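See below for coords-v4.csv, which holds CSV, N, CA, C and O atoms.
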```csv
chain,number,residue,atom,x,y,z
A,134,MET,N,72.6,-17.1,16.0
A,134,MET,CA,71.9,-16.0,16.6
A,134,MET,C,71.6,-14.9,15.6
A,134,MET,O,72.5,-14.5,14.8
A,135,LYS,N,70.4,-14.4,15.7
A,135,LYS,CA,70.0,-13.4,14.7
A,135,LYS,C,70.3,-12.0,15.3
A,135,LYS,O,70.1,-11.7,16.5
A,136,VAL,N,70.7,-11.1,14.4
A,136,VAL,CA,70.9,-9.7,14.8
A,136,VAL,C,69.9,-8.8,14.0
A,136,VAL,O,69.6,-9.0,12.9
A,137,SER,N,69.4,-7.8,14.7
A,137,SER,CA,68.5,-6.8,14.1
A,137,SER,C,68.6,-5.5,14.7
A,137,SER,O,69.2,-5.4,15.8
A,138,VAL,N,68.1,-4.4,14.1
A,138,VAL,CA,68.1,-3.1,14.6
A,138,VAL,C,66.7,-2.6,14.8
A,138,VAL,O,65.9,-2.7,13.8
A,139,ASP,N,66.3,-2.2,16.0
A,139,ASP,CA,65.0,-1.6,16.2
A,139,ASP,C,65.0,-0.2,15.6
A,139,ASP,O,65.6,0.7,16.2
A,140,PRO,N,64.3,0.0,14.6
A,140,PRO,CA,64.3,1.4,13.9
A,140,PRO,C,63.6,2.4,14.8
A,140,PRO,O,63.9,3.6,14.7
A,141,ASP,N,62.8,2.0,15.8
A,141,ASP,CA,62.1,3.0,16.7
A,141,ASP,C,63.1,3.5,17.8
A,141,ASP,O,62.9,4.5,18.3
A,142,ARG,N,64.1,2.7,18.0
A,142,ARG,CA,65.1,3.1,19.1
A,142,ARG,C,66.4,3.8,18.5
A,142,ARG,O,67.0,4.6,19.1
A,143,CYS,N,66.7,3.4,17.3
A,143,CYS,CA,68.0,3.9,16.6
A,143,CYS,C,67.8,5.4,16.4
A,143,CYS,O,66.9,5.8,15.8
A,144,TYR,N,68.9,6.1,16.8
A,144,TYR,CA,68.9,7.5,16.4
A,144,TYR,C,70.1,7.9,15.5
A,144,TYR,O,70.4,9.1,15.3
A,145,GLY,N,70.8,6.9,15.0
A,145,GLY,CA,71.8,7.1,13.9
A,145,GLY,C,73.1,7.5,14.4
A,145,GLY,O,73.8,8.3,13.7
A,146,SER,N,73.6,7.0,15.5
A,146,SER,CA,75.0,7.4,16.0
A,146,SER,C,76.1,6.9,15.1
A,146,SER,O,77.2,7.4,15.0
A,147,GLY,N,75.8,5.8,14.4
A,147,GLY,CA,76.8,5.2,13.5
A,147,GLY,C,77.8,4.2,14.2
A,147,GLY,O,78.7,3.7,13.6
A,148,GLU,N,77.6,4.0,15.5
A,148,GLU,CA,78.4,3.2,16.3
A,148,GLU,C,78.5,1.8,15.7
A,148,GLU,O,79.5,1.1,15.7
A,149,CYS,N,77.3,1.2,15.3
A,149,CYS,CA,77.3,-0.1,14.8
A,149,CYS,C,78.1,-0.3,13.5
A,149,CYS,O,78.9,-1.2,13.3
A,150,ALA,N,77.9,0.6,12.6
A,150,ALA,CA,78.7,0.6,11.3
A,150,ALA,C,80.2,0.8,11.5
A,150,ALA,O,81.0,0.2,10.8
A,151,TYR,N,80.5,1.5,12.5
A,151,TYR,CA,81.9,1.7,12.9
A,151,TYR,C,82.5,0.5,13.4
A,151,TYR,O,83.6,0.1,13.1
A,152,ARG,N,81.8,-0.2,14.3
A,152,ARG,CA,82.4,-1.4,15.0
A,152,ARG,C,82.3,-2.7,14.2
A,152,ARG,O,83.1,-3.6,14.4
A,153,ALA,N,81.3,-2.8,13.3
A,153,ALA,CA,81.1,-4.0,12.5
A,153,ALA,C,80.6,-3.6,11.1
A,153,ALA,O,79.5,-3.9,10.7
A,154,PRO,N,81.5,-3.0,10.3
A,154,PRO,CA,81.1,-2.6,9.0
A,154,PRO,C,80.7,-3.7,8.0
A,154,PRO,O,80.1,-3.4,7.0
A,155,SER,N,81.1,-4.9,8.3
A,155,SER,CA,80.7,-6.0,7.5
A,155,SER,C,79.3,-6.5,7.7
A,155,SER,O,78.8,-7.3,7.0
A,156,VAL,N,78.7,-6.0,8.8
A,156,VAL,CA,77.3,-6.4,9.2
A,156,VAL,C,76.3,-5.2,9.1
A,156,VAL,O,75.2,-5.4,8.7
A,157,PHE,N,76.8,-4.0,9.5
A,157,PHE,CA,75.9,-2.9,9.6
A,157,PHE,C,76.2,-1.8,8.6
A,157,PHE,O,77.4,-1.6,8.3
A,158,ILE,N,75.2,-1.1,8.1
A,158,ILE,CA,75.4,0.1,7.3
A,158,ILE,C,74.4,1.1,7.8
A,158,ILE,O,73.5,0.8,8.6
A,159,GLU,N,74.6,2.4,7.4
A,159,GLU,CA,73.7,3.4,7.7
A,159,GLU,C,72.8,3.7,6.4
A,159,GLU,O,73.4,3.8,5.3
A,160,VAL,N,71.5,3.7,6.6
A,160,VAL,CA,70.6,4.0,5.5
A,160,VAL,C,69.7,5.1,6.0
A,160,VAL,O,69.1,5.0,7.0
A,161,ASP,N,69.7,6.2,5.2
A,161,ASP,CA,69.0,7.4,5.6
A,161,ASP,C,69.3,7.9,7.0
A,161,ASP,O,68.5,8.4,7.8
A,162,GLY,N,70.6,7.7,7.4
A,162,GLY,CA,71.0,8.2,8.7
A,162,GLY,C,70.8,7.2,9.9
A,162,GLY,O,71.0,7.6,11.0
A,163,PHE,N,70.3,6.0,9.6
A,163,PHE,CA,70.0,5.1,10.7
A,163,PHE,C,70.7,3.7,10.4
A,163,PHE,O,70.8,3.3,9.3
A,164,GLY,N,71.1,3.0,11.5
A,164,GLY,CA,71.7,1.8,11.4
A,164,GLY,C,70.8,0.7,10.9
A,164,GLY,O,69.6,0.6,11.2
A,165,THR,N,71.3,-0.2,10.1
A,165,THR,CA,70.5,-1.4,9.6
A,165,THR,C,71.5,-2.5,9.3
A,165,THR,O,72.7,-2.3,9.1
A,166,VAL,N,71.0,-3.7,9.3
A,166,VAL,CA,71.8,-4.9,9.1
A,166,VAL,C,71.8,-5.1,7.6
A,166,VAL,O,70.8,-5.1,6.9
A,167,LEU,N,73.0,-5.4,7.1
A,167,LEU,CA,73.1,-5.7,5.6
A,167,LEU,C,72.3,-6.9,5.3
A,167,LEU,O,72.3,-7.9,6.0
A,168,PRO,N,71.7,-7.0,4.1
A,168,PRO,CA,71.0,-8.1,3.7
A,168,PRO,C,71.9,-9.4,3.6
A,168,PRO,O,73.1,-9.3,3.2
A,169,GLY,N,71.4,-10.5,4.2
A,169,GLY,CA,72.2,-11.7,4.2
A,169,GLY,C,73.1,-11.8,5.4
A,169,GLY,O,73.7,-12.8,5.6
A,170,ARG,N,73.2,-10.8,6.3
A,170,ARG,CA,74.0,-10.8,7.5
A,170,ARG,C,73.2,-10.9,8.8
A,170,ARG,O,73.8,-10.8,9.8
A,171,GLU,N,71.9,-11.3,8.7
A,171,GLU,CA,71.1,-11.3,9.8
A,171,GLU,C,71.5,-12.4,10.8
A,171,GLU,O,71.1,-12.3,12.0
A,172,GLN,N,72.1,-13.4,10.4
A,172,GLN,CA,72.5,-14.6,11.3
A,172,GLN,C,73.9,-14.5,11.9
A,172,GLN,O,74.5,-15.5,12.2
A,173,THR,N,74.4,-13.3,12.1
A,173,THR,CA,75.8,-13.1,12.5
A,173,THR,C,75.8,-12.6,14.0
A,173,THR,O,76.9,-12.1,14.4
A,174,GLY,N,74.8,-12.8,14.7
A,174,GLY,CA,74.8,-12.3,16.1
A,174,GLY,C,75.8,-12.9,17.0
A,174,GLY,O,76.1,-12.4,18.1
A,175,ASP,N,76.4,-14.0,16.6
A,175,ASP,CA,77.4,-14.7,17.5
A,175,ASP,C,78.8,-14.1,17.2
A,175,ASP,O,79.7,-14.4,18.0
A,176,GLU,N,79.0,-13.3,16.2
A,176,GLU,CA,80.3,-12.8,15.9
A,176,GLU,C,80.7,-11.7,17.0
A,176,GLU,O,79.9,-10.9,17.4
A,177,PRO,N,82.0,-11.8,17.4
A,177,PRO,CA,82.4,-10.8,18.5
A,177,PRO,C,82.2,-9.4,18.2
A,177,PRO,O,81.8,-8.6,19.1
A,178,GLU,N,82.4,-8.9,16.9
A,178,GLU,CA,82.3,-7.5,16.6
A,178,GLU,C,80.8,-7.1,16.6
A,178,GLU,O,80.4,-6.0,16.9
A,179,VAL,N,79.9,-8.0,16.4
A,179,VAL,CA,78.5,-7.7,16.4
A,179,VAL,C,78.0,-7.6,17.9
A,179,VAL,O,77.3,-6.7,18.2
A,180,ARG,N,78.5,-8.5,18.7
A,180,ARG,CA,78.2,-8.4,20.2
A,180,ARG,C,78.8,-7.1,20.7
A,180,ARG,O,78.1,-6.4,21.5
A,181,GLU,N,80.0,-6.7,20.3
A,181,GLU,CA,80.6,-5.4,20.7
A,181,GLU,C,79.7,-4.2,20.3
A,181,GLU,O,79.5,-3.3,21.0
A,182,ALA,N,79.3,-4.3,19.0
A,182,ALA,CA,78.4,-3.2,18.5
A,182,ALA,C,77.1,-3.1,19.4
A,182,ALA,O,76.7,-2.0,19.7
A,183,ALA,N,76.5,-4.2,19.7
A,183,ALA,CA,75.3,-4.2,20.5
A,183,ALA,C,75.6,-3.7,21.9
A,183,ALA,O,74.8,-2.9,22.4
A,184,GLU,N,76.7,-4.0,22.5
A,184,GLU,CA,77.0,-3.5,23.8
A,184,GLU,C,77.3,-2.0,23.8
A,184,GLU,O,77.0,-1.4,24.8
A,185,HIS,N,77.8,-1.5,22.7
A,185,HIS,CA,78.2,-0.1,22.7
A,185,HIS,C,77.1,0.8,22.0
A,185,HIS,O,77.4,2.0,21.9
A,186,CYS,N,76.1,0.2,21.6
A,186,CYS,CA,75.0,1.0,20.9
A,186,CYS,C,74.4,2.0,21.9
A,186,CYS,O,73.8,1.5,22.9
A,187,PRO,N,74.6,3.3,21.7
A,187,PRO,CA,74.1,4.2,22.7
A,187,PRO,C,72.5,4.3,22.9
A,187,PRO,O,72.0,4.6,24.0
A,188,SER,N,71.8,3.8,21.9
A,188,SER,CA,70.4,3.8,22.0
A,188,SER,C,69.8,2.4,22.3
A,188,SER,O,68.6,2.2,22.4
A,189,GLN,N,70.7,1.4,22.4
A,189,GLN,CA,70.4,0.0,22.7
A,189,GLN,C,69.4,-0.5,21.7
A,189,GLN,O,68.4,-1.2,22.0
A,190,ALA,N,69.6,-0.1,20.4
A,190,ALA,CA,68.7,-0.5,19.3
A,190,ALA,C,69.0,-1.9,18.7
A,190,ALA,O,68.2,-2.4,18.0
A,191,ILE,N,70.2,-2.4,19.0
A,191,ILE,CA,70.6,-3.7,18.4
A,191,ILE,C,70.1,-4.8,19.2
A,191,ILE,O,70.3,-4.8,20.4
A,192,ARG,N,69.4,-5.7,18.6
A,192,ARG,CA,68.8,-6.9,19.2
A,192,ARG,C,69.5,-8.2,18.8
A,192,ARG,O,69.7,-8.4,17.6
A,193,LEU,N,69.9,-9.0,19.7
A,193,LEU,CA,70.5,-10.3,19.4
A,193,LEU,C,69.5,-11.3,20.0
A,193,LEU,O,69.3,-11.4,21.2
A,194,THR,N,69.0,-12.2,19.1
A,194,THR,CA,68.0,-13.1,19.5
A,194,THR,C,68.3,-14.5,19.0
A,194,THR,O,69.0,-14.7,18.1
```
Structure re-expressed in structure tokens:
Amino acid sequence: MKVSVDPDRCYGSGECAYRAPSVFIEVDGFGTVLPGREQTGDEPEVREAAEHCPSQAIRLT
């Protein structure tokens, strides 16, 4: 399952980087998926980050 962050929805709460630091980082104040970690949408911490994202910017497809 692929994970991505919609840059138009993200407002930079940092919740994703807090919950799954091995997958997400903040770049210029906004959440982004680390290069090479796009296929980690099945990992429990990634699902948790998506569920708790206050702007619902994390997409699992």
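Atom pair atom CA of Pro177 of chain A / atom CA of Ser146 of chain A: separated by 19.8 Å.
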Requested in this report: Report the distance between atom C of Gly145 of chain A and atom O of Glu181 of chain A in Å, rounded to one decimal place.
Outcome: 14.2 Å
Requested in this report: Tell me, as a PyMOL selection string, which residues lie within 7 Å of Phe157 of chain A, counting only C-alpha atoms; anything in the same chain fewer than 5 positions away does not count.
Outcome: chain A and resi 149-150+164-167
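Of the listed residues (A:Met134, A:Gly147, A:Gln172, A:Arg142), A:Arg142 comes nearest to Ile191 of chain A; the distances count only N, CA, C and O atoms.
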Quick one: residues within 10 Å of Lys135 of chain A, only C-alpha atoms, excluding same-chain residues fewer than 6 positions away - as a compact mmCIF listing (two decimals) with N, CA, C and O atoms, keeping the file's coordinate frame?
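What follows is the written file selection.txt:
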```txt
# COMPACT_ATOMS: atom_id res chain seq x y z
N ARG A 170 73.20 -10.80 6.30
CA ARG A 170 74.00 -10.80 7.50
C ARG A 170 73.20 -10.90 8.80
O ARG A 170 73.80 -10.80 9.80
N GLU A 171 71.90 -11.30 8.70
CA GLU A 171 71.10 -11.30 9.80
C GLU A 171 71.50 -12.40 10.80
O GLU A 171 71.10 -12.30 12.00
N GLN A 172 72.10 -13.40 10.40
CA GLN A 172 72.50 -14.60 11.30
C GLN A 172 73.90 -14.50 11.90
O GLN A 172 74.50 -15.50 12.20
N THR A 173 74.40 -13.30 12.10
CA THR A 173 75.80 -13.10 12.50
C THR A 173 75.80 -12.60 14.00
O THR A 173 76.90 -12.10 14.40
N GLY A 174 74.80 -12.80 14.70
CA GLY A 174 74.80 -12.30 16.10
C GLY A 174 75.80 -12.90 17.00
O GLY A 174 76.10 -12.40 18.10
N ASP A 175 76.40 -14.00 16.60
CA ASP A 175 77.40 -14.70 17.50
C ASP A 175 78.80 -14.10 17.20
O ASP A 175 79.70 -14.40 18.00
N ARG A 192 69.40 -5.70 18.60
CA ARG A 192 68.80 -6.90 19.20
C ARG A 192 69.50 -8.20 18.80
O ARG A 192 69.70 -8.40 17.60
N LEU A 193 69.90 -9.00 19.70
CA LEU A 193 70.50 -10.30 19.40
C LEU A 193 69.50 -11.30 20.00
O LEU A 193 69.30 -11.40 21.20
N THR A 194 69.00 -12.20 19.10
CA THR A 194 68.00 -13.10 19.50
C THR A 194 68.30 -14.50 19.00
O THR A 194 69.00 -14.70 18.10
```
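When atom CA of Cys143 of chain A is paired with atom CA of Ala190 of chain A, their separation reads 5.2 Å.
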Report task. Write out as a ChimeraX atom specification all residues of chain A that backbone DSSP assigns to alpha helix (DSSP H). Result -> /A:148-152,177-185
Report task. From a DSSP pass on the backbone, collect the residues of segment 134-193 of chain A flagged as strand (DSSP E or B) and hand them back as a PyMOL selection string. Result -> chain A and resi 136-138+157-160+163-166+191-193
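Ranking A:Ile158, A:Glu178, A:Phe163, A:Pro168 by their shortest atom-to-atom distance to Tyr144 of chain A, with all atoms listed in the file included, puts A:Phe163 first.
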